[in-house]
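**Q** Have a look at the structure that comes next, please.
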Amino acid sequence: MSGPAGSAILLAILGLLVFSAGATAGPPTGLRPLAKTHLPLGDIVSDGGRLLYVAEHTGQIDSGEPSGGPLRPFVTLPRAGEEVRCVPAPRDHGFAAGLYCHTAANDIYRVTSAGRIVRFASLPERRTSDGALAFDTSGRFGFVLLAATGRSDDRHGGAVFAISPRGKVSKIGSYPGPGGAENLAIAPPGFGSAGGDLLLTTDTPRIEGRLLAIDPRGRVSTIAIVRGDGLNSLAVLPATAWSGRHPGVAIADTRSRIAWLIPAAILNPYLGDVLAATELRGGIYVVEPTARGYRTVRLNLDSTQTQYNLEGATVVP
(Lines give C-alpha, C1' and ligand atoms only; values in the text may rest on other atoms or scores of the structure.)
Protein backbone atom coordinates (compact mmCIF):
# COMPACT_ATOMS: atom_id res chain seq x y z
CA MET A 1 0.00 0.00 0.00
CA SER A 2 1.28 3.47 -0.91
CA GLY A 3 0.30 7.02 -0.06
CA PRO A 4 -0.55 8.54 3.35
CA ALA A 5 -2.37 5.45 4.60
CA GLY A 6 0.60 3.20 3.79
CA SER A 7 2.98 5.60 5.50
CA ALA A 8 0.81 5.63 8.61
CA ILE A 9 0.75 1.84 8.76
CA LEU A 10 4.54 1.67 8.30
CA LEU A 11 5.09 4.18 11.10
CA ALA A 12 2.75 2.22 13.37
CA ILE A 13 4.68 -0.98 12.69
CA LEU A 14 8.00 0.74 13.38
CA GLY A 15 6.58 2.21 16.56
CA LEU A 16 5.38 -1.23 17.66
CA LEU A 17 8.84 -2.67 17.03
CA VAL A 18 10.47 0.07 19.06
CA PHE A 19 7.97 -0.42 21.90
CA SER A 20 8.52 -4.19 21.89
CA ALA A 21 12.31 -3.81 22.01
CA GLY A 22 12.02 -1.40 24.92
CA ALA A 23 9.62 -3.68 26.76
CA THR A 24 12.08 -6.58 26.71
CA ALA A 25 15.06 -4.48 27.73
CA GLY A 26 13.97 -3.96 31.35
CA PRO A 27 15.73 -5.13 34.51
CA PRO A 28 17.27 -8.62 34.63
CA THR A 29 14.83 -11.39 35.46
CA GLY A 30 17.01 -14.25 36.60
CA LEU A 31 20.30 -15.73 37.64
CA ARG A 32 23.31 -14.79 35.55
CA PRO A 33 26.86 -16.16 35.73
CA LEU A 34 29.13 -13.91 37.74
CA ALA A 35 32.22 -16.13 37.45
CA LYS A 36 32.92 -19.51 35.88
CA THR A 37 35.53 -21.35 37.92
CA HIS A 38 37.38 -24.65 37.95
CA LEU A 39 36.51 -25.16 41.63
CA PRO A 40 33.79 -27.37 43.16
CA LEU A 41 32.37 -24.27 44.84
CA GLY A 42 31.09 -24.55 48.38
CA ASP A 43 31.12 -20.90 49.36
CA ILE A 44 31.67 -17.38 48.07
CA VAL A 45 32.70 -14.55 50.37
CA SER A 46 32.94 -10.78 49.97
CA ASP A 47 35.60 -9.13 52.11
CA GLY A 48 34.85 -5.65 50.80
CA GLY A 49 37.41 -5.26 48.05
CA ARG A 50 37.30 -8.71 46.45
CA LEU A 51 35.40 -11.97 46.23
CA LEU A 52 36.83 -15.20 47.62
CA TYR A 53 35.77 -18.52 46.07
CA VAL A 54 35.98 -21.50 48.44
CA ALA A 55 36.16 -25.08 47.14
CA GLU A 56 34.66 -28.14 48.75
CA HIS A 57 36.86 -31.20 49.40
CA THR A 58 40.13 -29.54 48.36
CA GLY A 59 39.94 -26.45 50.59
CA GLN A 60 41.34 -24.26 47.83
CA ILE A 61 40.43 -20.56 47.96
CA ASP A 62 40.78 -18.30 44.92
CA SER A 63 40.26 -14.54 44.78
CA GLY A 64 38.74 -12.29 42.14
CA GLU A 65 37.25 -8.88 41.49
CA PRO A 66 33.62 -8.14 42.53
CA SER A 67 32.72 -8.03 38.83
CA GLY A 68 33.90 -11.64 38.35
CA GLY A 69 36.71 -11.96 35.85
CA PRO A 70 39.80 -14.16 36.13
CA LEU A 71 40.53 -15.80 39.47
CA ARG A 72 43.87 -16.05 41.24
CA PRO A 73 44.96 -18.74 43.74
CA PHE A 74 44.98 -17.37 47.27
CA VAL A 75 45.45 -20.21 49.79
CA THR A 76 44.59 -23.88 50.39
CA LEU A 77 43.17 -25.00 53.73
CA PRO A 78 44.05 -28.40 55.23
CA ARG A 79 41.86 -31.10 53.69
CA ALA A 80 39.27 -32.09 56.26
CA GLY A 81 36.27 -33.55 54.43
CA GLU A 82 33.65 -31.93 52.26
CA GLU A 83 32.12 -28.51 52.91
CA VAL A 84 33.85 -25.36 54.11
CA ARG A 85 32.29 -22.00 55.03
CA CYS A 86 34.27 -18.78 55.54
CA VAL A 87 33.52 -15.29 56.89
CA PRO A 88 35.73 -12.16 57.10
CA ALA A 89 36.45 -10.78 60.56
CA PRO A 90 34.81 -7.48 61.54
CA ARG A 91 37.07 -4.51 62.05
CA ASP A 92 36.34 -4.26 65.77
CA HIS A 93 35.33 -6.38 68.79
CA GLY A 94 38.79 -7.86 69.31
CA PHE A 95 39.11 -10.44 66.53
CA ALA A 96 42.37 -10.52 64.63
CA ALA A 97 41.96 -9.51 61.00
CA GLY A 98 41.57 -12.27 58.45
CA LEU A 99 39.23 -14.84 56.97
CA TYR A 100 37.77 -17.38 59.40
CA CYS A 101 36.88 -20.78 57.94
CA HIS A 102 34.94 -23.70 59.45
CA THR A 103 35.91 -27.07 57.96
CA ALA A 104 33.98 -30.33 57.91
CA ALA A 105 36.19 -31.66 60.73
CA ASN A 106 34.92 -28.81 62.96
CA ASP A 107 38.24 -26.98 63.02
CA ILE A 108 38.15 -23.23 62.54
CA TYR A 109 41.13 -21.59 60.85
CA ARG A 110 42.11 -17.96 60.49
CA VAL A 111 43.70 -17.00 57.19
CA THR A 112 45.70 -13.78 57.15
CA SER A 113 45.80 -11.37 54.20
CA ALA A 114 49.26 -12.77 53.41
CA GLY A 115 47.87 -16.32 53.19
CA ARG A 116 49.15 -17.63 56.53
CA ILE A 117 46.86 -20.30 58.04
CA VAL A 118 46.40 -20.49 61.83
CA ARG A 119 44.17 -22.96 63.69
CA PHE A 120 41.92 -20.70 65.73
CA ALA A 121 39.53 -23.09 67.51
CA SER A 122 38.03 -26.58 67.43
CA LEU A 123 34.42 -27.48 68.20
CA PRO A 124 33.66 -30.39 70.56
CA GLU A 125 31.95 -32.51 67.91
CA ARG A 126 33.21 -35.76 66.36
CA ARG A 127 30.71 -35.95 63.52
CA THR A 128 31.50 -33.97 60.39
CA SER A 129 29.65 -30.71 59.73
CA ASP A 130 28.75 -28.49 56.80
CA GLY A 131 30.76 -25.59 58.16
CA ALA A 132 28.10 -23.03 59.18
CA LEU A 133 29.75 -19.84 60.48
CA ALA A 134 28.86 -16.16 61.16
CA PHE A 135 30.07 -13.21 63.20
CA ASP A 136 27.57 -11.66 65.60
CA THR A 137 27.05 -8.13 64.30
CA SER A 138 23.96 -7.38 66.40
CA GLY A 139 25.67 -7.60 69.80
CA ARG A 140 22.96 -9.87 71.21
CA PHE A 141 25.53 -12.67 71.56
CA GLY A 142 28.35 -10.38 72.69
CA PHE A 143 29.92 -9.84 69.24
CA VAL A 144 31.39 -13.36 69.20
CA LEU A 145 32.00 -15.75 66.32
CA LEU A 146 29.11 -18.21 66.00
CA ALA A 147 29.41 -21.73 64.58
CA ALA A 148 26.96 -24.59 64.12
CA THR A 149 27.54 -28.32 63.77
CA GLY A 150 25.43 -30.73 61.75
CA ARG A 151 25.02 -31.74 58.12
CA SER A 152 22.21 -32.47 55.68
CA ASP A 153 22.10 -36.25 56.20
CA ASP A 154 21.97 -35.89 60.01
CA ARG A 155 18.62 -36.79 61.56
CA HIS A 156 19.52 -35.30 64.94
CA GLY A 157 20.17 -31.66 64.15
CA GLY A 158 23.23 -30.12 65.77
CA ALA A 159 24.59 -27.56 68.21
CA VAL A 160 25.48 -23.86 68.15
CA PHE A 161 28.65 -22.50 69.74
CA ALA A 162 30.04 -19.08 70.62
CA ILE A 163 33.76 -18.47 70.11
CA SER A 164 35.59 -15.59 71.76
CA PRO A 165 38.36 -13.50 70.12
CA ARG A 166 40.86 -15.73 71.97
CA GLY A 167 39.35 -18.95 70.62
CA LYS A 168 37.42 -20.01 73.73
CA VAL A 169 34.42 -22.18 72.78
CA SER A 170 31.15 -22.28 74.73
CA LYS A 171 27.86 -23.95 73.81
CA ILE A 172 24.76 -21.80 73.28
CA GLY A 173 22.28 -24.58 72.60
CA SER A 174 21.06 -27.24 70.20
CA TYR A 175 18.57 -27.28 67.34
CA PRO A 176 16.42 -30.28 66.33
CA GLY A 177 16.55 -32.34 63.17
CA PRO A 178 15.86 -33.61 60.65
CA GLY A 179 18.67 -32.15 58.60
CA GLY A 180 21.60 -30.07 59.72
CA ALA A 181 22.94 -26.56 59.55
CA GLU A 182 24.08 -25.33 56.14
CA ASN A 183 24.61 -21.59 56.60
CA LEU A 184 24.32 -18.97 59.35
CA ALA A 185 23.54 -15.25 59.38
CA ILE A 186 22.54 -12.63 61.92
CA ALA A 187 18.97 -11.40 61.40
CA PRO A 188 18.70 -7.67 60.71
CA PRO A 189 17.26 -5.45 63.49
CA GLY A 190 13.90 -5.02 61.78
CA PHE A 191 13.36 -8.72 61.15
CA GLY A 192 10.34 -9.10 63.43
CA SER A 193 10.65 -10.96 66.73
CA ALA A 194 13.88 -12.64 65.51
CA GLY A 195 15.74 -9.36 64.94
CA GLY A 196 19.36 -9.78 66.02
CA ASP A 197 19.02 -13.55 66.47
CA LEU A 198 21.09 -16.19 64.70
CA LEU A 199 19.43 -17.50 61.54
CA LEU A 200 20.20 -21.02 60.36
CA THR A 201 19.18 -22.91 57.21
CA THR A 202 18.74 -26.67 57.41
CA ASP A 203 18.70 -29.17 54.58
CA THR A 204 16.80 -32.45 54.45
CA PRO A 205 17.58 -33.39 50.84
CA ARG A 206 14.54 -33.56 48.54
CA ILE A 207 12.19 -33.36 51.53
CA GLU A 208 12.23 -29.97 53.22
CA GLY A 209 14.30 -27.01 54.30
CA ARG A 210 13.85 -24.82 57.36
CA LEU A 211 14.91 -21.35 58.37
CA LEU A 212 15.43 -21.38 62.13
CA ALA A 213 16.15 -18.55 64.57
CA ILE A 214 18.18 -19.11 67.72
CA ASP A 215 18.40 -16.50 70.48
CA PRO A 216 21.29 -16.03 72.96
CA ARG A 217 19.61 -18.39 75.46
CA GLY A 218 19.50 -21.17 72.89
CA ARG A 219 15.77 -20.96 72.27
CA VAL A 220 14.83 -22.13 68.77
CA SER A 221 11.95 -20.91 66.63
CA THR A 222 10.95 -21.86 63.10
CA ILE A 223 10.74 -18.88 60.76
CA ALA A 224 10.00 -20.64 57.46
CA ILE A 225 9.60 -24.11 55.96
CA VAL A 226 10.04 -24.98 52.28
CA ARG A 227 8.77 -28.36 51.06
CA GLY A 228 10.40 -30.61 48.47
CA ASP A 229 14.03 -29.46 48.81
CA GLY A 230 16.49 -28.44 51.51
CA LEU A 231 17.41 -24.84 52.24
CA ASN A 232 21.07 -23.98 51.93
CA SER A 233 22.15 -20.52 50.73
CA LEU A 234 21.46 -17.63 53.12
CA ALA A 235 22.00 -13.87 52.83
CA VAL A 236 20.71 -10.77 54.60
CA LEU A 237 19.75 -8.12 52.06
CA PRO A 238 20.99 -4.59 52.77
CA ALA A 239 18.53 -2.20 54.39
CA THR A 240 19.44 0.71 52.14
CA ALA A 241 20.15 1.21 48.44
CA TRP A 242 22.78 -0.99 46.85
CA SER A 243 26.14 0.34 45.73
CA GLY A 244 28.94 -0.95 43.50
CA ARG A 245 29.23 -1.72 39.80
CA HIS A 246 27.66 -5.19 39.93
CA PRO A 247 25.49 -5.32 43.08
CA GLY A 248 23.37 -8.28 44.06
CA VAL A 249 23.67 -11.62 45.82
CA ALA A 250 26.23 -14.18 44.61
CA ILE A 251 25.63 -17.89 45.21
CA ALA A 252 28.15 -20.72 44.85
CA ASP A 253 27.08 -23.73 42.78
CA THR A 254 29.11 -26.89 43.29
CA ARG A 255 27.52 -28.72 40.36
CA SER A 256 28.28 -26.21 37.59
CA ARG A 257 31.27 -24.57 39.36
CA ILE A 258 29.64 -21.25 38.58
CA ALA A 259 29.09 -18.35 40.95
CA TRP A 260 25.59 -17.11 40.09
CA LEU A 261 24.46 -13.53 40.64
CA ILE A 262 20.94 -12.38 41.48
CA PRO A 263 21.08 -8.75 40.33
CA ALA A 264 20.09 -6.05 42.80
CA ALA A 265 17.35 -4.85 40.43
CA ILE A 266 15.41 -8.01 41.24
CA LEU A 267 15.92 -7.69 45.00
CA ASN A 268 15.23 -3.98 45.46
CA PRO A 269 11.63 -4.57 46.67
CA TYR A 270 12.97 -6.71 49.52
CA LEU A 271 15.62 -4.50 51.14
CA GLY A 272 16.17 -5.48 54.77
CA ASP A 273 14.68 -8.96 54.30
CA VAL A 274 16.38 -12.36 54.23
CA LEU A 275 17.12 -14.45 51.12
CA ALA A 276 17.40 -18.24 51.15
CA ALA A 277 17.85 -20.72 48.30
CA THR A 278 17.15 -24.42 47.97
CA GLU A 279 20.12 -26.60 47.19
CA LEU A 280 19.12 -28.92 44.34
CA ARG A 281 16.25 -27.21 42.53
CA GLY A 282 17.58 -23.67 42.78
CA GLY A 283 14.46 -22.11 44.27
CA ILE A 284 15.09 -18.55 45.48
CA TYR A 285 12.99 -17.30 48.39
CA VAL A 286 12.70 -14.08 50.36
CA VAL A 287 11.49 -14.24 53.96
CA GLU A 288 9.99 -11.03 55.33
CA PRO A 289 8.34 -10.11 58.65
CA THR A 290 4.61 -9.42 58.83
CA ALA A 291 2.26 -8.28 61.58
CA ARG A 292 1.49 -11.91 62.42
CA GLY A 293 4.89 -13.51 61.91
CA TYR A 294 6.72 -14.15 58.65
CA ARG A 295 5.91 -14.59 55.00
CA THR A 296 7.90 -16.62 52.48
CA VAL A 297 7.90 -15.34 48.90
CA ARG A 298 9.32 -17.38 46.03
CA LEU A 299 10.96 -15.24 43.37
CA ASN A 300 9.96 -16.12 39.81
CA LEU A 301 13.41 -16.06 38.24
CA ASP A 302 14.43 -17.19 34.78
CA SER A 303 17.06 -19.91 35.11
CA THR A 304 19.32 -21.56 32.59
CA GLN A 305 19.59 -24.90 34.38
CA THR A 306 17.24 -27.50 35.80
CA GLN A 307 19.66 -28.87 38.40
CA TYR A 308 21.86 -27.06 40.88
CA ASN A 309 23.89 -27.63 44.00
CA LEU A 310 23.66 -24.21 45.60
CA GLU A 311 25.79 -23.59 48.67
CA GLY A 312 27.13 -20.43 50.36
CA ALA A 313 26.04 -16.92 49.36
CA THR A 314 27.25 -13.37 49.85
CA VAL A 315 26.07 -9.82 49.20
CA VAL A 316 28.07 -8.07 46.45
CA PRO A 317 29.74 -5.71 47.21
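Residue numbers start at 1 in each chain; chains themselves are named A, B, ... in the order of the C-alpha coordinates; ligands are numbered from 1 in the order shown.
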Where does stretch 52-142 of chain A meet stretch 191-213 of chain A within 9 Å, residue by residue, with the nearest atom pair and distance in Å to one decimal for each, counting only C-alpha atoms, listed by chain and rising number, as JSON lines?
**A**
```
{"residue": "A:Ala132", "atom": "CA", "partner": "A:Leu200", "partner_atom": "CA", "distance": 8.2}
{"residue": "A:Ala134", "atom": "CA", "partner": "A:Leu198", "partner_atom": "CA", "distance": 8.5}
{"residue": "A:Asp136", "atom": "CA", "partner": "A:Leu198", "partner_atom": "CA", "distance": 8.0}
{"residue": "A:Thr137", "atom": "CA", "partner": "A:Gly196", "partner_atom": "CA", "distance": 8.1}
{"residue": "A:Ser138", "atom": "CA", "partner": "A:Gly196", "partner_atom": "CA", "distance": 5.2}
{"residue": "A:Gly139", "atom": "CA", "partner": "A:Gly196", "partner_atom": "CA", "distance": 7.7}
{"residue": "A:Arg140", "atom": "CA", "partner": "A:Gly196", "partner_atom": "CA", "distance": 6.3}
{"residue": "A:Phe141", "atom": "CA", "partner": "A:Asp197", "partner_atom": "CA", "distance": 8.3}
```
**Q** Extract the full set of strand (DSSP E or B) residues from stretch 73-111 of chain A according to DSSP on the backbone, and format it as a list in words.
**A**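 Answer for stretch 73-111 of chain A, restricted to strand (DSSP E or B): Pro73, Phe74, Val75, Thr76, Arg85, Cys86, Val87, Pro88, Leu99, Tyr100, Cys101, His102, Asp107, Ile108, Tyr109, Arg110 and Val111 of chain A.
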**Q** Find the residues around A:Leu39 up to 8 Å (only C-alpha atoms counted), leave out those fewer than 3 positions away in its own chain, and share them as a ChimeraX atom specification.
**A** /A:54-56,60,254,257
**Q** Determine the nearest neighbour of A:Ala235 from the options A:Gly180, A:Arg72, A:Leu271, A:His156, counting only C-alpha atoms.
**A** A:Leu271
**Q** Taking only C-alpha atoms into account, which of A:Ala241, A:Val220, A:Ala187, A:Leu123 comes nearest A:Lys168?
**A**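 Of A:Ala241, A:Val220, A:Ala187, A:Leu123, the one nearest A:Lys168, counting only C-alpha atoms, is A:Leu123.
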**Q** Tell me which protein, DNA and RNA residues are within 8 Å of stretch 289-303 of chain A, counting only C-alpha atoms, leaving out same-chain ones fewer than 6 positions away, and put them as a list in words.
**A**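 Near stretch 289-303 of chain A, the qualifying residues are Thr29, Gly30, Leu31, Phe191, Gly192, Ser193, Ile223, Ala224, Asp273 and Gly283 of chain A.
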**Q** Please produce a file of the residues just selected, as a short mmCIF file (atom, residue, chain, number, x, y, z; two decimals), in the first residue's frame, where the atoms kept are N, CA and C atoms.
**A**
```
data_model
loop_
_atom_site.label_atom_id
_atom_site.label_comp_id
_atom_site.auth_asym_id
_atom_site.auth_seq_id
_atom_site.Cartn_x
_atom_site.Cartn_y
_atom_site.Cartn_z
N THR A 29 15.91 -10.60 34.89
CA THR A 29 14.83 -11.39 35.46
C THR A 29 15.29 -12.74 36.00
N GLY A 30 16.58 -12.96 36.10
CA GLY A 30 17.01 -14.25 36.60
C GLY A 30 18.47 -14.31 36.97
N LEU A 31 18.90 -15.51 37.29
CA LEU A 31 20.30 -15.73 37.64
C LEU A 31 21.18 -15.50 36.42
N PHE A 191 13.88 -7.44 61.61
CA PHE A 191 13.36 -8.72 61.15
C PHE A 191 12.41 -9.33 62.19
N GLY A 192 11.37 -8.59 62.53
CA GLY A 192 10.34 -9.10 63.43
C GLY A 192 10.89 -9.51 64.79
N SER A 193 10.26 -10.50 65.38
CA SER A 193 10.65 -10.96 66.73
C SER A 193 12.03 -11.60 66.75
N ILE A 223 11.15 -20.07 61.49
CA ILE A 223 10.74 -18.88 60.76
C ILE A 223 10.06 -19.24 59.45
N ALA A 224 10.57 -20.25 58.76
CA ALA A 224 10.00 -20.64 57.46
C ALA A 224 10.30 -22.10 57.19
N ASP A 273 15.22 -7.62 54.08
CA ASP A 273 14.68 -8.96 54.30
C ASP A 273 15.80 -10.00 54.19
N GLY A 283 15.52 -23.04 43.93
CA GLY A 283 14.46 -22.11 44.27
C GLY A 283 15.00 -20.96 45.11
#
```
**Q** Atom CA of A:Leu231 and atom CA of A:Gly179, how far apart in Å?
**A** 9.8 Å
**Q** Work out how far atom CA of A:Pro88 is from atom CA of A:Arg217, in Å to one decimal.
**A** 25.2 Å
**Q** Which residue, A:Pro188, A:Gly158, A:Gly244, A:Pro73, has the smallest gap to A:Gly49 when you use only C-alpha atoms?
**A**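 Smallest separation from A:Gly49 among the options: A:Gly244.
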